[in-house]
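A.B. asks: As input, take structure18.txt (compact mmCIF, N, CA and C atoms):
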# COMPACT_ATOMS: atom_id res chain seq x y z
N VAL A 1 72.85 85.82 94.99
CA VAL A 1 73.48 84.51 95.06
C VAL A 1 74.17 84.38 96.41
N GLN A 2 73.81 83.36 97.13
CA GLN A 2 74.33 83.16 98.48
C GLN A 2 75.75 82.63 98.45
N LEU A 3 76.61 83.22 99.23
CA LEU A 3 77.99 82.77 99.36
C LEU A 3 78.16 82.07 100.71
N VAL A 4 79.07 81.11 100.74
CA VAL A 4 79.38 80.38 101.97
C VAL A 4 80.89 80.35 102.15
N GLU A 5 81.33 80.83 103.30
CA GLU A 5 82.76 80.87 103.60
C GLU A 5 83.14 79.72 104.53
N SER A 6 84.36 79.23 104.36
CA SER A 6 84.87 78.16 105.22
C SER A 6 86.38 78.20 105.23
N GLY A 7 86.96 77.44 106.17
CA GLY A 7 88.39 77.26 106.19
C GLY A 7 89.14 77.97 107.30
N GLY A 8 88.43 78.76 108.09
CA GLY A 8 89.10 79.47 109.16
C GLY A 8 89.54 78.55 110.28
N GLY A 9 90.23 79.13 111.25
CA GLY A 9 90.68 78.35 112.39
C GLY A 9 91.62 79.14 113.27
N LEU A 10 92.17 78.45 114.25
CA LEU A 10 93.13 79.02 115.19
C LEU A 10 94.51 78.50 114.83
N VAL A 11 95.41 79.40 114.52
CA VAL A 11 96.77 79.02 114.16
C VAL A 11 97.77 79.92 114.86
N GLN A 12 99.02 79.51 114.83
CA GLN A 12 100.08 80.33 115.39
C GLN A 12 100.63 81.27 114.32
N ALA A 13 101.23 82.34 114.76
CA ALA A 13 101.85 83.28 113.84
C ALA A 13 102.85 82.55 112.94
N GLY A 14 102.82 82.91 111.66
CA GLY A 14 103.69 82.27 110.69
C GLY A 14 103.06 81.12 109.94
N ALA A 15 101.92 80.66 110.44
CA ALA A 15 101.24 79.53 109.80
C ALA A 15 100.44 79.98 108.58
N SER A 16 99.81 79.01 107.93
CA SER A 16 99.00 79.28 106.74
C SER A 16 97.59 78.75 106.93
N LEU A 17 96.66 79.38 106.25
CA LEU A 17 95.29 78.91 106.17
C LEU A 17 94.79 79.12 104.76
N ARG A 18 93.80 78.31 104.39
CA ARG A 18 93.21 78.41 103.06
C ARG A 18 91.71 78.57 103.23
N LEU A 19 91.20 79.73 102.88
CA LEU A 19 89.78 80.02 103.00
C LEU A 19 89.10 79.77 101.65
N SER A 20 87.87 79.31 101.72
CA SER A 20 87.09 79.11 100.51
C SER A 20 85.78 79.88 100.58
N CYS A 21 85.40 80.38 99.44
CA CYS A 21 84.13 81.08 99.26
C CYS A 21 83.41 80.34 98.15
N THR A 22 82.30 79.71 98.48
CA THR A 22 81.64 78.85 97.51
C THR A 22 80.20 79.27 97.28
N THR A 23 79.68 78.84 96.16
CA THR A 23 78.29 79.07 95.83
C THR A 23 77.79 77.90 95.00
N SER A 24 76.51 77.78 94.90
CA SER A 24 75.95 76.66 94.17
C SER A 24 75.93 76.90 92.66
N ARG A 25 76.22 78.12 92.26
CA ARG A 25 76.15 78.46 90.85
C ARG A 25 77.53 78.73 90.28
N ASN A 26 77.70 78.44 89.01
CA ASN A 26 78.95 78.75 88.31
C ASN A 26 78.89 80.20 87.87
N ILE A 27 79.29 81.07 88.78
CA ILE A 27 79.07 82.51 88.55
C ILE A 27 80.34 83.33 88.64
N PHE A 28 81.38 82.79 89.26
CA PHE A 28 82.58 83.58 89.50
C PHE A 28 83.31 83.93 88.21
N SER A 29 83.10 83.19 87.15
CA SER A 29 83.73 83.53 85.88
C SER A 29 83.03 84.72 85.21
N ARG A 30 81.88 85.08 85.73
CA ARG A 30 81.12 86.21 85.16
C ARG A 30 81.06 87.40 86.11
N ASN A 31 81.39 87.19 87.38
CA ASN A 31 81.31 88.28 88.36
C ASN A 31 82.53 88.26 89.27
N GLY A 32 83.09 89.44 89.49
CA GLY A 32 84.19 89.55 90.43
C GLY A 32 83.71 89.33 91.86
N VAL A 33 84.62 89.00 92.73
CA VAL A 33 84.30 88.78 94.14
C VAL A 33 85.47 89.24 94.99
N ALA A 34 85.18 89.62 96.19
CA ALA A 34 86.22 90.12 97.10
C ALA A 34 86.14 89.42 98.45
N TRP A 35 87.27 89.38 99.12
CA TRP A 35 87.33 88.97 100.51
C TRP A 35 87.46 90.22 101.37
N TYR A 36 86.76 90.21 102.48
CA TYR A 36 86.82 91.27 103.47
C TYR A 36 87.09 90.65 104.84
N ARG A 37 87.46 91.48 105.77
CA ARG A 37 87.60 91.01 107.15
C ARG A 37 87.17 92.12 108.11
N GLN A 38 86.72 91.66 109.26
CA GLN A 38 86.29 92.62 110.27
C GLN A 38 86.59 92.08 111.65
N SER A 39 87.18 92.93 112.46
CA SER A 39 87.47 92.60 113.85
C SER A 39 86.55 93.41 114.75
N PRO A 40 86.28 92.92 115.96
CA PRO A 40 85.43 93.67 116.87
C PRO A 40 85.96 95.09 117.10
N GLY A 41 85.10 96.06 116.95
CA GLY A 41 85.48 97.44 117.21
C GLY A 41 86.20 98.11 116.05
N LYS A 42 86.39 97.38 114.96
CA LYS A 42 87.08 97.96 113.80
C LYS A 42 86.15 97.97 112.59
N GLN A 43 86.46 98.84 111.66
CA GLN A 43 85.68 98.89 110.43
C GLN A 43 86.05 97.72 109.52
N ARG A 44 85.13 97.42 108.66
CA ARG A 44 85.39 96.38 107.66
C ARG A 44 86.60 96.78 106.82
N GLU A 45 87.44 95.79 106.53
CA GLU A 45 88.63 96.03 105.73
C GLU A 45 88.58 95.15 104.49
N TRP A 46 88.74 95.75 103.36
CA TRP A 46 88.86 94.99 102.12
C TRP A 46 90.22 94.30 102.12
N VAL A 47 90.26 93.02 101.72
CA VAL A 47 91.48 92.24 101.75
C VAL A 47 92.01 91.98 100.34
N ALA A 48 91.14 91.48 99.47
CA ALA A 48 91.58 91.12 98.11
C ALA A 48 90.36 90.97 97.22
N SER A 49 90.59 91.15 95.93
CA SER A 49 89.53 90.97 94.94
C SER A 49 90.07 90.20 93.75
N ILE A 50 89.17 89.50 93.09
CA ILE A 50 89.50 88.89 91.81
C ILE A 50 88.37 89.22 90.85
N SER A 51 88.74 89.71 89.68
CA SER A 51 87.73 90.12 88.71
C SER A 51 87.23 88.92 87.91
N SER A 52 86.20 89.13 87.14
CA SER A 52 85.68 88.07 86.28
C SER A 52 86.74 87.62 85.27
N ALA A 53 87.66 88.51 84.95
CA ALA A 53 88.73 88.18 84.01
C ALA A 53 89.92 87.52 84.70
N GLY A 54 89.83 87.41 86.02
CA GLY A 54 90.90 86.74 86.75
C GLY A 54 91.98 87.65 87.29
N ARG A 55 91.79 88.95 87.16
CA ARG A 55 92.79 89.87 87.69
C ARG A 55 92.59 90.04 89.19
N SER A 56 93.69 90.02 89.91
CA SER A 56 93.62 90.10 91.37
C SER A 56 94.23 91.40 91.89
N ARG A 57 93.72 91.84 93.00
CA ARG A 57 94.23 93.02 93.70
C ARG A 57 94.25 92.72 95.19
N TYR A 58 95.17 93.38 95.90
CA TYR A 58 95.36 93.10 97.30
C TYR A 58 95.50 94.38 98.11
N ALA A 59 95.03 94.31 99.34
CA ALA A 59 95.32 95.38 100.27
C ALA A 59 96.80 95.36 100.59
N GLU A 60 97.33 96.52 100.87
CA GLU A 60 98.76 96.62 101.15
C GLU A 60 99.15 95.75 102.34
N SER A 61 98.26 95.61 103.30
CA SER A 61 98.57 94.87 104.52
C SER A 61 98.75 93.37 104.28
N VAL A 62 98.26 92.86 103.16
CA VAL A 62 98.36 91.42 102.91
C VAL A 62 99.12 91.11 101.63
N ASN A 63 99.47 92.12 100.87
CA ASN A 63 100.16 91.90 99.59
C ASN A 63 101.47 91.15 99.82
N GLY A 64 101.63 90.10 99.04
CA GLY A 64 102.83 89.28 99.18
C GLY A 64 102.66 88.10 100.12
N ARG A 65 101.61 88.13 100.93
CA ARG A 65 101.35 87.02 101.87
C ARG A 65 100.08 86.25 101.49
N PHE A 66 99.10 86.93 100.96
CA PHE A 66 97.83 86.31 100.60
C PHE A 66 97.73 86.21 99.08
N THR A 67 97.04 85.17 98.64
CA THR A 67 96.79 84.98 97.21
C THR A 67 95.33 84.61 97.01
N ILE A 68 94.66 85.34 96.15
CA ILE A 68 93.27 85.03 95.81
C ILE A 68 93.25 84.34 94.45
N SER A 69 92.44 83.30 94.36
CA SER A 69 92.36 82.56 93.11
C SER A 69 90.95 82.00 92.94
N ARG A 70 90.71 81.49 91.77
CA ARG A 70 89.36 81.02 91.44
C ARG A 70 89.44 79.57 90.99
N ASP A 71 88.51 78.76 91.45
CA ASP A 71 88.39 77.37 91.01
C ASP A 71 87.00 77.22 90.40
N ASN A 72 86.93 77.41 89.09
CA ASN A 72 85.62 77.40 88.44
C ASN A 72 84.94 76.04 88.54
N ALA A 73 85.73 74.98 88.55
CA ALA A 73 85.15 73.63 88.62
C ALA A 73 84.42 73.40 89.94
N LYS A 74 84.88 74.08 90.98
CA LYS A 74 84.28 73.92 92.31
C LYS A 74 83.41 75.11 92.69
N ASN A 75 83.21 76.04 91.75
CA ASN A 75 82.43 77.26 92.06
C ASN A 75 82.96 77.92 93.33
N ALA A 76 84.28 78.10 93.37
CA ALA A 76 84.91 78.61 94.58
C ALA A 76 85.93 79.69 94.27
N VAL A 77 86.05 80.59 95.21
CA VAL A 77 87.16 81.55 95.22
C VAL A 77 87.94 81.29 96.50
N VAL A 78 89.23 81.10 96.34
CA VAL A 78 90.09 80.68 97.46
C VAL A 78 90.99 81.84 97.87
N LEU A 79 91.17 81.99 99.16
CA LEU A 79 92.14 82.95 99.70
C LEU A 79 93.20 82.15 100.45
N GLN A 80 94.35 82.03 99.85
CA GLN A 80 95.48 81.36 100.49
C GLN A 80 96.23 82.39 101.33
N MET A 81 96.32 82.12 102.62
CA MET A 81 96.93 83.07 103.54
C MET A 81 98.17 82.44 104.13
N ASN A 82 99.31 83.04 103.85
CA ASN A 82 100.59 82.56 104.37
C ASN A 82 101.19 83.59 105.32
N SER A 83 102.14 83.14 106.10
CA SER A 83 102.85 84.04 107.03
C SER A 83 101.87 84.85 107.86
N LEU A 84 100.91 84.19 108.42
CA LEU A 84 99.87 84.89 109.17
C LEU A 84 100.43 85.60 110.39
N LYS A 85 99.83 86.74 110.67
CA LYS A 85 100.22 87.57 111.80
C LYS A 85 99.03 87.72 112.75
N PRO A 86 99.30 88.03 114.00
CA PRO A 86 98.18 88.23 114.94
C PRO A 86 97.20 89.30 114.45
N GLU A 87 97.70 90.30 113.76
CA GLU A 87 96.82 91.36 113.26
C GLU A 87 95.91 90.90 112.11
N ASP A 88 96.12 89.69 111.62
CA ASP A 88 95.21 89.12 110.63
C ASP A 88 93.97 88.51 111.27
N THR A 89 93.95 88.45 112.57
CA THR A 89 92.80 87.89 113.29
C THR A 89 91.54 88.70 112.98
N ALA A 90 90.50 88.02 112.50
CA ALA A 90 89.27 88.69 112.11
C ALA A 90 88.27 87.66 111.61
N LEU A 91 87.05 88.13 111.42
CA LEU A 91 86.04 87.34 110.72
C LEU A 91 86.18 87.66 109.23
N TYR A 92 86.40 86.66 108.43
CA TYR A 92 86.61 86.84 107.00
C TYR A 92 85.34 86.42 106.25
N TYR A 93 84.98 87.23 105.26
CA TYR A 93 83.83 86.87 104.46
C TYR A 93 84.00 87.39 103.04
N CYS A 94 83.26 86.84 102.11
CA CYS A 94 83.35 87.25 100.72
C CYS A 94 82.05 87.93 100.30
N ASN A 95 82.18 88.79 99.32
CA ASN A 95 81.03 89.55 98.85
C ASN A 95 81.39 90.26 97.55
N ASP A 96 80.48 91.07 97.04
CA ASP A 96 80.77 91.86 95.84
C ASP A 96 82.00 92.73 96.08
N PRO A 97 82.77 93.00 95.03
CA PRO A 97 83.96 93.85 95.19
C PRO A 97 83.57 95.28 95.57
N PRO A 98 84.50 96.03 96.12
CA PRO A 98 84.22 97.43 96.45
C PRO A 98 83.80 98.21 95.20
N GLY A 99 82.80 99.03 95.35
CA GLY A 99 82.35 99.84 94.23
C GLY A 99 81.44 99.12 93.26
N SER A 100 81.15 97.86 93.53
CA SER A 100 80.27 97.12 92.64
C SER A 100 78.86 97.71 92.67
N VAL A 101 78.26 97.85 91.52
CA VAL A 101 76.90 98.38 91.45
C VAL A 101 75.88 97.27 91.22
N SER A 102 76.38 96.06 90.98
CA SER A 102 75.46 94.98 90.64
C SER A 102 74.91 94.28 91.87
N ASN A 103 75.69 94.24 92.95
CA ASN A 103 75.24 93.56 94.17
C ASN A 103 74.68 92.17 93.88
N VAL A 104 75.51 91.38 93.28
CA VAL A 104 75.10 90.04 92.87
C VAL A 104 74.99 89.10 94.06
N PHE A 105 75.89 89.28 95.03
CA PHE A 105 76.05 88.28 96.08
C PHE A 105 75.43 88.69 97.41
N SER A 106 75.10 87.66 98.18
CA SER A 106 74.72 87.83 99.58
C SER A 106 75.80 87.14 100.41
N ARG A 107 76.39 87.87 101.32
CA ARG A 107 77.48 87.29 102.09
C ARG A 107 76.98 86.23 103.04
N GLY A 108 77.88 85.33 103.41
CA GLY A 108 77.52 84.29 104.36
C GLY A 108 77.86 84.72 105.77
N GLN A 109 77.97 83.73 106.65
CA GLN A 109 78.26 83.98 108.06
C GLN A 109 79.69 84.37 108.29
N GLY A 110 80.54 84.09 107.32
CA GLY A 110 81.95 84.35 107.49
C GLY A 110 82.66 83.19 108.16
N THR A 111 83.98 83.27 108.18
CA THR A 111 84.78 82.24 108.83
C THR A 111 85.84 82.94 109.68
N GLN A 112 85.95 82.51 110.92
CA GLN A 112 86.83 83.17 111.88
C GLN A 112 88.27 82.69 111.73
N VAL A 113 89.16 83.65 111.66
CA VAL A 113 90.60 83.38 111.64
C VAL A 113 91.19 84.00 112.89
N THR A 114 91.87 83.19 113.67
CA THR A 114 92.52 83.67 114.88
C THR A 114 93.98 83.25 114.83
N VAL A 115 94.85 84.24 114.93
CA VAL A 115 96.28 83.99 114.87
C VAL A 115 96.90 84.37 116.21
N SER A 116 97.51 83.41 116.86
CA SER A 116 98.12 83.66 118.17
C SER A 116 99.61 83.94 118.00
N GLN A 117 100.19 84.53 119.03
CA GLN A 117 101.61 84.89 119.00
C GLN A 117 102.47 83.64 118.91
How would this structure read if it were set down as structure tokens?
C.D. replies:
Amino acid sequence: VQLVESGGGLVQAGASLRLSCTTSRNIFSRNGVAWYRQSPGKQREWVASISSAGRSRYAESVNGRFTISRDNAKNAVVLQMNSLKPEDTALYYCNDPPGSVSNVFSRGQGTQVTVSQ
């Protein structure tokens, strides 16, 4: 199932952004999904996950600032990012959660988030 990410942009430190991960199918209520990010020269970093049951988990680096949620009516998983820091700058994309054996999703192009000082 193809995923499409959107919502990135260039913001100043302290600002907020809302990323969306969408698909044409009503599938997020049956399959968990995760947000990841990657910066040039760095390894992929898991950011947050939401399970099919709606349980969320966060990386320590974003806990308390980011919120992952699901909008079943829009076939979307949203990542609300508050209090952004320059170190949050990365290409963000969604995909199967870490450790998933089902590999339900195909990631999209991602959406770039750039946070300036």
A.B. asks: Grab the atom CA of Leu79 of chain A to atom CA of Tyr58 of chain A distance for me, in Å with one decimal place.
C.D. replies: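 Result for atom CA of Leu79 of chain A versus atom CA of Tyr58 of chain A: 10.9 Å, one decimal.
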A.B. asks: Quick one: everything within 8 Å of segment 27-31 of chain A, counting only N, CA and C atoms, minus sequence neighbours fewer than 4 positions away in the same chain. Send it as a ChimeraX atom specification.
C.D. replies: /A:23,50-54,70-72,75-77,96-97,104
A.B. asks: Kindly give the distance, in Å, that separates atom CA of Arg55 of chain A and atom CA of Val11 of chain A, rounded to a single decimal.
C.D. replies: 28.9 Å
A.B. asks: So that I can check the surroundings of Ser6 of chain A, please list as a PyMOL selection string every protein, DNA and RNA residue that reaches within 7 Å of it, counting all atoms listed in the file and ignoring chain neighbours fewer than 6 positions away.
C.D. replies: chain A and resi 18-22+110-111
A.B. asks: Measuring atom to atom with only N, CA and C atoms, identify which of A:Ala34, A:Val113, A:Leu17, A:Ala48 is nearest to Cys94 of chain A.
C.D. replies: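 Result for the nearest residue to Cys94 of chain A: A:Ala34.
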A.B. asks: Between A:Val33, A:Tyr92, A:Arg25, A:Ser100, which has the minimum distance to Gly8 of chain A (counting all atoms listed in the file)?
C.D. replies: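 Closest residue, counting all atoms listed in the file: A:Tyr92.
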A.B. asks: Within 8 Å of (100.8, 89.3, 111.6) (coordinates as in the file), grab all the protein and nucleic acid residues, counting only C-alpha atoms, and write them out as a PyMOL selection string.
C.D. replies: chain A and resi 13-14+83-88+115
A.B. asks: Write out as a list in words all residues of chain A that DSSP puts in helix (DSSP H, G or I) for this structure's backbone.
C.D. replies: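 Answer for chain A restricted to helix (DSSP H, G or I) is Asn72, Ala73, Lys74, Pro86, Glu87 and Asp88 of chain A.
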A.B. asks: What does the structure give for the distance between atom C of Val47 of chain A and atom N of Phe66 of chain A, in Å to one decimal?
C.D. replies: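 Computed distance, atom C of Val47 of chain A to atom N of Phe66 of chain A, equals 8.7 Å.
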A.B. asks: Which one is closest to Gln38 of chain A: A:Ser102, A:Ser16, A:Ser116, A:Thr89? Count all atoms listed in the file.
C.D. replies: A:Thr89
A.B. asks: Please give the complete set of residues from chain A that DSSP, run on the backbone, assigns to strand (DSSP E), formatted as a count of residues only.
C.D. replies: 52
A.B. asks: Ranking A:Gly32, A:Ser24, A:Trp46, A:Ala73 by minimum distance to Val4 of chain A and counting only N, CA and C atoms, which one comes first?
C.D. replies: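 Checking each of A:Gly32, A:Ser24, A:Trp46, A:Ala73 against Val4 of chain A, counting only N, CA and C atoms, the winner is A:Ser24.
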A.B. asks: Check the smallest atom-to-atom distance from each of A:Gln112, A:Asn103, A:Leu10, A:Lys42 to Leu91 of chain A using all atoms listed in the file, then report the winner.
C.D. replies: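 Once distances to Leu91 of chain A are computed over all atoms listed in the file, the minimum belongs to A:Gln112.
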A.B. asks: Taking only C-alpha atoms into account, name the residue in A:Leu3, A:Arg37, A:Glu45, A:Ser69 that is nearest to Ala90 of chain A.
C.D. replies: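 Ranking A:Leu3, A:Arg37, A:Glu45, A:Ser69 by distance to Ala90 of chain A, first place goes to A:Arg37.
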A.B. asks: Could you add the missing atoms to segment 81-106 of chain A, up to N, CA, C and O atoms, and return them as a short mmCIF file (atom, residue, chain, number, x, y, z; two decimals), in the coordinates of the input?
C.D. replies:
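Written file, result.cif:
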data_model
loop_
_atom_site.label_atom_id
_atom_site.label_comp_id
_atom_site.auth_asym_id
_atom_site.auth_seq_id
_atom_site.Cartn_x
_atom_site.Cartn_y
_atom_site.Cartn_z
N MET A 81 96.32 82.12 102.62
CA MET A 81 96.93 83.07 103.54
C MET A 81 98.17 82.44 104.13
O MET A 81 98.10 81.43 104.84
N ASN A 82 99.31 83.04 103.85
CA ASN A 82 100.59 82.56 104.37
C ASN A 82 101.19 83.59 105.32
O ASN A 82 100.81 84.76 105.31
N SER A 83 102.14 83.14 106.10
CA SER A 83 102.85 84.04 107.03
C SER A 83 101.87 84.85 107.86
O SER A 83 101.99 86.08 107.96
N LEU A 84 100.91 84.19 108.42
CA LEU A 84 99.87 84.89 109.17
C LEU A 84 100.43 85.60 110.39
O LEU A 84 101.39 85.14 111.03
N LYS A 85 99.83 86.74 110.67
CA LYS A 85 100.22 87.57 111.80
C LYS A 85 99.03 87.72 112.75
O LYS A 85 97.88 87.61 112.31
N PRO A 86 99.30 88.03 114.00
CA PRO A 86 98.18 88.23 114.94
C PRO A 86 97.20 89.30 114.45
O PRO A 86 96.00 89.20 114.68
N GLU A 87 97.70 90.30 113.76
CA GLU A 87 96.82 91.36 113.26
C GLU A 87 95.91 90.90 112.11
O GLU A 87 95.03 91.64 111.68
N ASP A 88 96.12 89.69 111.62
CA ASP A 88 95.21 89.12 110.63
C ASP A 88 93.97 88.51 111.27
O ASP A 88 93.05 88.10 110.57
N THR A 89 93.95 88.45 112.57
CA THR A 89 92.80 87.89 113.29
C THR A 89 91.54 88.70 112.98
O THR A 89 91.52 89.91 113.15
N ALA A 90 90.50 88.02 112.50
CA ALA A 90 89.27 88.69 112.11
C ALA A 90 88.27 87.66 111.61
O ALA A 90 88.61 86.49 111.40
N LEU A 91 87.05 88.13 111.42
CA LEU A 91 86.04 87.34 110.72
C LEU A 91 86.18 87.66 109.23
O LEU A 91 86.09 88.83 108.85
N TYR A 92 86.40 86.66 108.43
CA TYR A 92 86.61 86.84 107.00
C TYR A 92 85.34 86.42 106.25
O TYR A 92 84.75 85.39 106.55
N TYR A 93 84.98 87.23 105.26
CA TYR A 93 83.83 86.87 104.46
C TYR A 93 84.00 87.39 103.04
O TYR A 93 84.81 88.29 102.80
N CYS A 94 83.26 86.84 102.11
CA CYS A 94 83.35 87.25 100.72
C CYS A 94 82.05 87.93 100.30
O CYS A 94 80.98 87.68 100.89
N ASN A 95 82.18 88.79 99.32
CA ASN A 95 81.03 89.55 98.85
C ASN A 95 81.39 90.26 97.55
O ASN A 95 82.49 90.08 97.02
N ASP A 96 80.48 91.07 97.04
CA ASP A 96 80.77 91.86 95.84
C ASP A 96 82.00 92.73 96.08
O ASP A 96 82.24 93.21 97.19
N PRO A 97 82.77 93.00 95.03
CA PRO A 97 83.96 93.85 95.19
C PRO A 97 83.57 95.28 95.57
O PRO A 97 82.43 95.71 95.31
N PRO A 98 84.50 96.03 96.12
CA PRO A 98 84.22 97.43 96.45
C PRO A 98 83.80 98.21 95.20
O PRO A 98 84.38 98.04 94.14
N GLY A 99 82.80 99.03 95.35
CA GLY A 99 82.35 99.84 94.23
C GLY A 99 81.44 99.12 93.26
O GLY A 99 80.98 99.72 92.28
N SER A 100 81.15 97.86 93.53
CA SER A 100 80.27 97.12 92.64
C SER A 100 78.86 97.71 92.67
O SER A 100 78.35 98.04 93.73
N VAL A 101 78.26 97.85 91.52
CA VAL A 101 76.90 98.38 91.45
C VAL A 101 75.88 97.27 91.22
O VAL A 101 74.68 97.52 91.27
N SER A 102 76.38 96.06 90.98
CA SER A 102 75.46 94.98 90.64
C SER A 102 74.91 94.28 91.87
O SER A 102 73.82 93.76 91.83
N ASN A 103 75.69 94.24 92.95
CA ASN A 103 75.24 93.56 94.17
C ASN A 103 74.68 92.17 93.88
O ASN A 103 73.52 91.88 94.19
N VAL A 104 75.51 91.38 93.28
CA VAL A 104 75.10 90.04 92.87
C VAL A 104 74.99 89.10 94.06
O VAL A 104 74.11 88.24 94.12
N PHE A 105 75.89 89.28 95.03
CA PHE A 105 76.05 88.28 96.08
C PHE A 105 75.43 88.69 97.41
O PHE A 105 75.29 89.88 97.71
N SER A 106 75.10 87.66 98.18
CA SER A 106 74.72 87.83 99.58
C SER A 106 75.80 87.14 100.41
O SER A 106 76.08 85.94 100.19
#
